[in-house]
$ cat coords_39.cif   # mmCIF, N, CA and C atoms
data_work
#
loop_
_atom_site.group_PDB
_atom_site.id
_atom_site.type_symbol
_atom_site.label_atom_id
_atom_site.label_comp_id
_atom_site.auth_asym_id
_atom_site.auth_seq_id
_atom_site.Cartn_x
_atom_site.Cartn_y
_atom_site.Cartn_z
ATOM 1 N N MET I 24 19.295 -15.515 -93.550
ATOM 2 C CA MET I 24 18.338 -15.720 -92.474
ATOM 3 C C MET I 24 16.976 -16.072 -93.074
ATOM 4 N N PRO I 25 16.376 -17.203 -92.687
ATOM 5 C CA PRO I 25 15.072 -17.561 -93.241
ATOM 6 C C PRO I 25 13.967 -16.663 -92.693
ATOM 7 N N LYS I 26 12.856 -16.661 -93.404
ATOM 8 C CA LYS I 26 11.722 -15.837 -92.975
ATOM 9 C C LYS I 26 11.096 -16.417 -91.714
ATOM 10 N N MET I 27 10.546 -15.525 -90.906
ATOM 11 C CA MET I 27 9.834 -15.935 -89.694
ATOM 12 C C MET I 27 8.439 -16.399 -90.100
ATOM 13 N N LYS I 28 8.099 -17.644 -89.774
ATOM 14 C CA LYS I 28 6.785 -18.163 -90.141
ATOM 15 C C LYS I 28 5.797 -17.962 -88.988
ATOM 16 N N THR I 29 4.560 -17.671 -89.354
ATOM 17 C CA THR I 29 3.497 -17.518 -88.373
ATOM 18 C C THR I 29 3.100 -18.885 -87.843
ATOM 19 N N HIS I 30 2.923 -18.979 -86.538
ATOM 20 C CA HIS I 30 2.478 -20.224 -85.918
ATOM 21 C C HIS I 30 0.999 -20.418 -86.264
ATOM 22 N N THR I 31 0.661 -21.516 -86.937
ATOM 23 C CA THR I 31 -0.689 -21.685 -87.471
ATOM 24 C C THR I 31 -1.726 -21.876 -86.375
ATOM 25 N N GLY I 32 -1.331 -22.472 -85.238
ATOM 26 C CA GLY I 32 -2.267 -22.602 -84.125
ATOM 27 C C GLY I 32 -2.568 -21.260 -83.497
ATOM 28 N N ALA I 33 -1.569 -20.399 -83.425
ATOM 29 C CA ALA I 33 -1.751 -19.079 -82.813
ATOM 30 C C ALA I 33 -2.592 -18.162 -83.690
ATOM 31 N N LYS I 34 -2.433 -18.271 -84.998
ATOM 32 C CA LYS I 34 -3.197 -17.368 -85.867
ATOM 33 C C LYS I 34 -4.689 -17.689 -85.851
ATOM 34 N N ARG I 35 -5.045 -18.927 -85.473
ATOM 35 C CA ARG I 35 -6.455 -19.282 -85.350
ATOM 36 C C ARG I 35 -7.044 -18.823 -84.017
ATOM 37 N N ARG I 36 -6.199 -18.688 -83.013
ATOM 38 C CA ARG I 36 -6.677 -18.408 -81.660
ATOM 39 C C ARG I 36 -6.612 -16.949 -81.250
ATOM 40 N N PHE I 37 -5.697 -16.175 -81.822
ATOM 41 C CA PHE I 37 -5.486 -14.803 -81.387
ATOM 42 C C PHE I 37 -5.681 -13.824 -82.528
ATOM 43 N N LYS I 38 -6.203 -12.638 -82.176
ATOM 44 C CA LYS I 38 -6.323 -11.541 -83.138
ATOM 45 C C LYS I 38 -5.702 -10.314 -82.495
ATOM 46 N N ILE I 39 -4.991 -9.519 -83.284
ATOM 47 C CA ILE I 39 -4.387 -8.296 -82.779
ATOM 48 C C ILE I 39 -5.242 -7.120 -83.226
ATOM 49 N N THR I 40 -5.606 -6.260 -82.273
ATOM 50 C CA THR I 40 -6.429 -5.099 -82.578
ATOM 51 C C THR I 40 -5.561 -4.000 -83.185
ATOM 52 N N GLY I 41 -6.200 -2.939 -83.601
ATOM 53 C CA GLY I 41 -5.474 -1.823 -84.189
ATOM 54 C C GLY I 41 -4.534 -1.143 -83.216
ATOM 55 N N THR I 42 -4.878 -1.196 -81.923
ATOM 56 C CA THR I 42 -4.029 -0.565 -80.916
ATOM 57 C C THR I 42 -2.953 -1.501 -80.390
ATOM 58 N N GLY I 43 -2.931 -2.758 -80.865
ATOM 59 C CA GLY I 43 -1.877 -3.688 -80.482
ATOM 60 C C GLY I 43 -2.246 -4.669 -79.388
ATOM 61 N N LYS I 44 -3.497 -4.643 -78.928
ATOM 62 C CA LYS I 44 -3.920 -5.606 -77.917
ATOM 63 C C LYS I 44 -4.125 -6.963 -78.580
ATOM 64 N N VAL I 45 -3.896 -8.027 -77.820
ATOM 65 C CA VAL I 45 -4.114 -9.379 -78.322
ATOM 66 C C VAL I 45 -5.411 -9.892 -77.703
ATOM 67 N N MET I 46 -6.367 -10.258 -78.547
ATOM 68 C CA MET I 46 -7.673 -10.726 -78.085
ATOM 69 C C MET I 46 -7.777 -12.243 -78.290
ATOM 70 N N HIS I 47 -8.529 -12.883 -77.404
ATOM 71 C CA HIS I 47 -8.776 -14.322 -77.519
ATOM 72 C C HIS I 47 -10.211 -14.599 -77.127
ATOM 73 N N ARG I 48 -10.728 -15.751 -77.580
ATOM 74 C CA ARG I 48 -12.083 -16.110 -77.182
ATOM 75 C C ARG I 48 -12.014 -16.817 -75.833
ATOM 76 N N ARG I 49 -13.091 -16.727 -75.094
ATOM 77 C CA ARG I 49 -13.104 -17.318 -73.762
ATOM 78 C C ARG I 49 -13.262 -18.824 -73.826
ATOM 79 N N ALA I 50 -12.646 -19.497 -72.886
ATOM 80 C CA ALA I 50 -12.696 -20.955 -72.840
ATOM 81 C C ALA I 50 -14.023 -21.427 -72.269
ATOM 82 N N GLY I 51 -14.446 -22.615 -72.663
ATOM 83 C CA GLY I 51 -15.594 -23.251 -72.034
ATOM 84 C C GLY I 51 -16.906 -23.069 -72.763
ATOM 85 N N LYS I 52 -16.882 -22.709 -74.044
ATOM 86 C CA LYS I 52 -18.145 -22.551 -74.772
ATOM 87 C C LYS I 52 -18.263 -23.498 -75.962
ATOM 88 N N ALA I 53 -17.312 -24.376 -76.136
ATOM 89 C CA ALA I 53 -17.312 -25.204 -77.337
ATOM 90 C C ALA I 53 -18.309 -26.364 -77.245
ATOM 91 N N HIS I 54 -18.316 -27.089 -76.130
ATOM 92 C CA HIS I 54 -19.208 -28.241 -76.002
ATOM 93 C C HIS I 54 -19.446 -28.503 -74.527
ATOM 94 N N LEU I 55 -20.314 -29.467 -74.219
ATOM 95 C CA LEU I 55 -20.720 -29.799 -72.850
ATOM 96 C C LEU I 55 -21.364 -28.609 -72.147
ATOM 97 N N ASN I 56 -22.208 -27.872 -72.885
ATOM 98 C CA ASN I 56 -22.823 -26.674 -72.335
ATOM 99 C C ASN I 56 -24.237 -26.912 -71.812
ATOM 100 N N GLU I 57 -24.798 -28.092 -72.039
ATOM 101 C CA GLU I 57 -26.215 -28.267 -71.701
ATOM 102 C C GLU I 57 -26.453 -28.231 -70.199
ATOM 103 N N HIS I 58 -25.445 -28.544 -69.383
ATOM 104 C CA HIS I 58 -25.634 -28.477 -67.933
ATOM 105 C C HIS I 58 -25.403 -27.075 -67.385
ATOM 106 N N MET I 59 -24.861 -26.171 -68.194
ATOM 107 C CA MET I 59 -24.603 -24.807 -67.728
ATOM 108 C C MET I 59 -25.845 -23.944 -67.873
ATOM 109 N N SER I 60 -25.993 -23.005 -66.956
ATOM 110 C CA SER I 60 -27.110 -22.077 -67.072
ATOM 111 C C SER I 60 -26.784 -21.054 -68.150
ATOM 112 N N SER I 61 -27.818 -20.411 -68.676
ATOM 113 C CA SER I 61 -27.587 -19.402 -69.698
ATOM 114 C C SER I 61 -26.909 -18.179 -69.103
ATOM 115 N N LYS I 62 -26.998 -18.029 -67.790
ATOM 116 C CA LYS I 62 -26.294 -16.945 -67.108
ATOM 117 C C LYS I 62 -24.783 -17.067 -67.345
ATOM 118 N N ILE I 63 -24.303 -18.306 -67.328
ATOM 119 C CA ILE I 63 -22.876 -18.536 -67.553
ATOM 120 C C ILE I 63 -22.545 -18.413 -69.037
ATOM 121 N N THR I 64 -23.261 -19.187 -69.861
ATOM 122 C CA THR I 64 -22.864 -19.284 -71.270
ATOM 123 C C THR I 64 -23.143 -18.006 -72.033
ATOM 124 N N ASN I 65 -24.223 -17.323 -71.723
ATOM 125 C CA ASN I 65 -24.590 -16.150 -72.509
ATOM 126 C C ASN I 65 -24.001 -14.860 -71.985
ATOM 127 N N ARG I 66 -23.777 -14.761 -70.677
ATOM 128 C CA ARG I 66 -23.322 -13.485 -70.127
ATOM 129 C C ARG I 66 -21.867 -13.527 -69.720
ATOM 130 N N ARG I 67 -21.488 -14.503 -68.900
ATOM 131 C CA ARG I 67 -20.128 -14.513 -68.372
ATOM 132 C C ARG I 67 -19.101 -14.869 -69.447
ATOM 133 N N LEU I 68 -19.479 -15.759 -70.366
ATOM 134 C CA LEU I 68 -18.510 -16.247 -71.352
ATOM 135 C C LEU I 68 -18.655 -15.597 -72.720
ATOM 136 N N GLU I 69 -19.525 -14.600 -72.868
ATOM 137 C CA GLU I 69 -19.724 -14.036 -74.197
ATOM 138 C C GLU I 69 -18.597 -13.074 -74.559
ATOM 139 N N GLY I 70 -18.378 -12.927 -75.840
ATOM 140 C CA GLY I 70 -17.413 -11.950 -76.327
ATOM 141 C C GLY I 70 -15.975 -12.401 -76.194
ATOM 142 N N ASN I 71 -15.083 -11.545 -76.641
ATOM 143 C CA ASN I 71 -13.653 -11.812 -76.574
ATOM 144 C C ASN I 71 -13.051 -11.065 -75.397
ATOM 145 N N LYS I 72 -11.858 -11.506 -75.002
ATOM 146 C CA LYS I 72 -11.202 -10.914 -73.857
ATOM 147 C C LYS I 72 -9.764 -10.589 -74.236
ATOM 148 N N GLU I 73 -9.218 -9.569 -73.587
ATOM 149 C CA GLU I 73 -7.833 -9.188 -73.838
ATOM 150 C C GLU I 73 -6.917 -10.167 -73.116
ATOM 151 N N LEU I 74 -5.844 -10.546 -73.793
ATOM 152 C CA LEU I 74 -4.855 -11.441 -73.202
ATOM 153 C C LEU I 74 -4.004 -10.660 -72.203
ATOM 154 N N SER I 75 -3.506 -11.332 -71.169
ATOM 155 C CA SER I 75 -2.669 -10.650 -70.186
ATOM 156 C C SER I 75 -1.360 -10.209 -70.839
ATOM 157 N N LYS I 76 -0.681 -9.268 -70.191
ATOM 158 C CA LYS I 76 0.526 -8.680 -70.775
ATOM 159 C C LYS I 76 1.614 -9.724 -71.010
ATOM 160 N N ALA I 77 1.803 -10.608 -70.027
ATOM 161 C CA ALA I 77 2.851 -11.624 -70.145
ATOM 162 C C ALA I 77 2.543 -12.602 -71.271
ATOM 163 N N ASP I 78 1.265 -12.995 -71.396
ATOM 164 C CA ASP I 78 0.879 -13.938 -72.445
ATOM 165 C C ASP I 78 0.872 -13.279 -73.818
ATOM 166 N N SER I 79 0.517 -11.993 -73.863
ATOM 167 C CA SER I 79 0.444 -11.321 -75.162
ATOM 168 C C SER I 79 1.819 -11.165 -75.787
ATOM 169 N N LYS I 80 2.849 -11.065 -74.954
ATOM 170 C CA LYS I 80 4.221 -10.981 -75.487
ATOM 171 C C LYS I 80 4.570 -12.261 -76.241
ATOM 172 N N ASN I 81 4.216 -13.412 -75.659
ATOM 173 C CA ASN I 81 4.488 -14.695 -76.314
ATOM 174 C C ASN I 81 3.613 -14.874 -77.551
ATOM 175 N N ALA I 82 2.362 -14.450 -77.484
ATOM 176 C CA ALA I 82 1.462 -14.605 -78.610
ATOM 177 C C ALA I 82 1.922 -13.760 -79.793
ATOM 178 N N LYS I 83 2.373 -12.544 -79.520
ATOM 179 C CA LYS I 83 2.874 -11.696 -80.606
ATOM 180 C C LYS I 83 4.108 -12.297 -81.249
ATOM 181 N N LYS I 84 4.948 -12.950 -80.466
ATOM 182 C CA LYS I 84 6.136 -13.591 -81.016
ATOM 183 C C LYS I 84 5.738 -14.727 -81.957
ATOM 184 N N LEU I 85 4.702 -15.498 -81.552
ATOM 185 C CA LEU I 85 4.233 -16.601 -82.393
ATOM 186 C C LEU I 85 3.585 -16.089 -83.675
ATOM 187 N N LEU I 86 2.961 -14.910 -83.595
ATOM 188 C CA LEU I 86 2.296 -14.342 -84.768
ATOM 189 C C LEU I 86 3.266 -13.595 -85.663
ATOM 190 N N GLY I 87 4.521 -13.443 -85.234
ATOM 191 C CA GLY I 87 5.507 -12.755 -86.056
ATOM 192 C C GLY I 87 5.404 -11.259 -86.000
ATOM 193 N N LYS I 88 4.922 -10.708 -84.903
ATOM 194 C CA LYS I 88 4.792 -9.256 -84.761
ATOM 195 C C LYS I 88 5.867 -8.716 -83.851
#

$ encode --input "coords_39.cif" --output "structure tokens"
Amino acid sequence: MPKMKTHTGAKRRFKITGTGKVMHRRAGKAHLNEHMSSKITNRRLEGNKELSKADSKNAKKLLGK
């Protein structure tokens, strides 16, 4: 049986916390932000967010966990 390889796109996008939660960065902060108010970009979109249970199952599979 060959080794399970980590999906390289998933390892850049998701991080697993010590308790097993899968975290991701919020969408919509990469570019085209000049028309957005700082209320949106600085407060609503700041920080990381926990992935939903259904999505985290797939993400963990891609990460080899």

$ resolve_selection --input "coords_39.cif" --expression "the PyMOL selection byres ((chain I and resi 47) around 6.5)" --output "list in words"
Arg36, Phe37, Lys38, Val45, Met46, Arg48, Arg49, Gly70, Asn71, Lys72, Glu73 and Leu74 of chain I

$ atom_distance --input "coords_39.cif" --atom1 "CA of Ser79 (chain I)" --atom2 "CA of Lys62 (chain I)"
28.5 Å

$ residues_around --input "coords_39.cif" --residues "Ala33 (chain I)" --least-positions-apart "6" --cutoff "7 Å" --atoms "all atoms listed in the file" --output "ChimeraX atom specification"
/I:82,85-86

$ closest_residue --input "coords_39.cif" --among "I:Lys83, I:His58, I:Arg66, I:Lys26" --to "Thr40 (chain I)" --atoms "only C-alpha atoms"
I:Lys83

$ select_by_dssp --input "coords_39.cif" --residues "chain I" --states "strand (DSSP E)" --output "MDAnalysis selection string"
chainID I and resid 37:39 45:48 71:73

$ closest_residue --input "coords_39.cif" --among "I:Gly32, I:Gly51, I:Lys44, I:Met27" --to "Ser75 (chain I)" --atoms "only C-alpha atoms"
I:Lys44

$ atom_distance --input "coords_39.cif" --atom1 "CA of Lys88 (chain I)" --atom2 "CA of Gly43 (chain I)"
9.7 Å

$ select_by_dssp --input "coords_39.cif" --residues "chain I" --states "helix (DSSP H, G or I)" --output "PyMOL selection string"
chain I and resi 31-36+61-67+76-86

$ atom_distance --input "coords_39.cif" --atom1 "CA of Asn56 (chain I)" --atom2 "atom C of Glu69 (chain I)"
14.4 Å

$ closest_residue --input "coords_39.cif" --among "I:Gly41, I:Asn81, I:Leu68, I:Thr29" --to "Ala53 (chain I)" --atoms "only C-alpha atoms"
I:Leu68

$ decode --input "coords_39.cif" --residues "chain I" --atoms "C-alpha atoms" --output "PDB file, in the first residue's frame"
ATOM      1  CA  MET I  24       0.000   0.000   0.000  1.00  0.00           C
ATOM      2  CA  PRO I  25       1.548   3.359  -0.985  1.00  0.00           C
ATOM      3  CA  LYS I  26       1.827   6.206   1.481  1.00  0.00           C
ATOM      4  CA  MET I  27      -0.992   8.722   1.744  1.00  0.00           C
ATOM      5  CA  LYS I  28       0.230  12.031   0.323  1.00  0.00           C
ATOM      6  CA  THR I  29      -0.887  15.384   1.685  1.00  0.00           C
ATOM      7  CA  HIS I  30      -2.869  17.492  -0.768  1.00  0.00           C
ATOM      8  CA  THR I  31      -0.603  20.503  -1.385  1.00  0.00           C
ATOM      9  CA  GLY I  32      -3.483  22.925  -1.992  1.00  0.00           C
ATOM     10  CA  ALA I  33      -5.142  21.912   1.267  1.00  0.00           C
ATOM     11  CA  LYS I  34      -2.002  22.244   3.359  1.00  0.00           C
ATOM     12  CA  ARG I  35      -1.704  25.886   2.266  1.00  0.00           C
ATOM     13  CA  ARG I  36      -5.331  26.685   3.063  1.00  0.00           C
ATOM     14  CA  PHE I  37      -6.118  24.792   6.269  1.00  0.00           C
ATOM     15  CA  LYS I  38      -4.494  24.470   9.685  1.00  0.00           C
ATOM     16  CA  ILE I  39      -5.486  21.969  12.363  1.00  0.00           C
ATOM     17  CA  THR I  40      -5.521  23.224  15.947  1.00  0.00           C
ATOM     18  CA  GLY I  41      -4.394  21.226  18.944  1.00  0.00           C
ATOM     19  CA  THR I  42      -7.978  20.265  19.728  1.00  0.00           C
ATOM     20  CA  GLY I  43      -8.591  19.025  16.170  1.00  0.00           C
ATOM     21  CA  LYS I  44     -10.537  21.949  14.724  1.00  0.00           C
ATOM     22  CA  VAL I  45      -9.808  22.907  11.120  1.00  0.00           C
ATOM     23  CA  MET I  46      -9.221  26.645  10.656  1.00  0.00           C
ATOM     24  CA  HIS I  47      -9.272  28.633   7.414  1.00  0.00           C
ATOM     25  CA  ARG I  48      -8.799  32.254   6.459  1.00  0.00           C
ATOM     26  CA  ARG I  49     -11.840  34.229   5.434  1.00  0.00           C
ATOM     27  CA  ALA I  50     -12.539  34.865   1.780  1.00  0.00           C
ATOM     28  CA  GLY I  51     -12.566  38.314   0.222  1.00  0.00           C
ATOM     29  CA  LYS I  52      -9.434  39.994   1.587  1.00  0.00           C
ATOM     30  CA  ALA I  53      -6.891  39.259  -1.114  1.00  0.00           C
ATOM     31  CA  HIS I  54      -7.577  42.036  -3.646  1.00  0.00           C
ATOM     32  CA  LEU I  55     -10.231  44.501  -4.887  1.00  0.00           C
ATOM     33  CA  ASN I  56     -10.555  45.897  -1.365  1.00  0.00           C
ATOM     34  CA  GLU I  57     -10.370  49.618  -2.119  1.00  0.00           C
ATOM     35  CA  HIS I  58     -14.149  49.917  -2.568  1.00  0.00           C
ATOM     36  CA  MET I  59     -14.842  48.146   0.742  1.00  0.00           C
ATOM     37  CA  SER I  60     -15.192  50.047   3.972  1.00  0.00           C
ATOM     38  CA  SER I  61     -12.740  49.329   6.757  1.00  0.00           C
ATOM     39  CA  LYS I  62     -15.720  48.094   8.759  1.00  0.00           C
ATOM     40  CA  ILE I  63     -15.847  45.115   6.411  1.00  0.00           C
ATOM     41  CA  THR I  64     -12.162  44.480   5.787  1.00  0.00           C
ATOM     42  CA  ASN I  65     -10.850  45.143   9.276  1.00  0.00           C
ATOM     43  CA  ARG I  66     -13.637  43.839  11.492  1.00  0.00           C
ATOM     44  CA  ARG I  67     -15.912  41.413   9.682  1.00  0.00           C
ATOM     45  CA  LEU I  68     -13.192  39.634   7.697  1.00  0.00           C
ATOM     46  CA  GLU I  69     -10.342  39.678  10.213  1.00  0.00           C
ATOM     47  CA  GLY I  70      -8.888  36.553  11.746  1.00  0.00           C
ATOM     48  CA  ASN I  71      -9.412  32.897  10.988  1.00  0.00           C
ATOM     49  CA  LYS I  72     -12.627  30.943  11.197  1.00  0.00           C
ATOM     50  CA  GLU I  73     -13.456  27.354  12.067  1.00  0.00           C
ATOM     51  CA  LEU I  74     -14.499  25.173   9.151  1.00  0.00           C
ATOM     52  CA  SER I  75     -17.945  23.559   9.310  1.00  0.00           C
ATOM     53  CA  LYS I  76     -18.164  19.950  10.476  1.00  0.00           C
ATOM     54  CA  ALA I  77     -19.017  18.546   7.045  1.00  0.00           C
ATOM     55  CA  ASP I  78     -16.194  20.455   5.335  1.00  0.00           C
ATOM     56  CA  SER I  79     -13.657  19.692   8.056  1.00  0.00           C
ATOM     57  CA  LYS I  80     -14.124  15.958   7.493  1.00  0.00           C
ATOM     58  CA  ASN I  81     -13.082  16.373   3.848  1.00  0.00           C
ATOM     59  CA  ALA I  82     -10.239  18.738   4.723  1.00  0.00           C
ATOM     60  CA  LYS I  83      -8.800  16.308   7.265  1.00  0.00           C
ATOM     61  CA  LYS I  84      -8.906  13.553   4.658  1.00  0.00           C
ATOM     62  CA  LEU I  85      -6.946  15.752   2.231  1.00  0.00           C
ATOM     63  CA  LEU I  86      -4.413  16.572   4.953  1.00  0.00           C
ATOM     64  CA  GLY I  87      -3.924  12.885   5.763  1.00  0.00           C
ATOM     65  CA  LYS I  88      -5.317  13.044   9.293  1.00  0.00           C
TER      66      LYS I  88
END
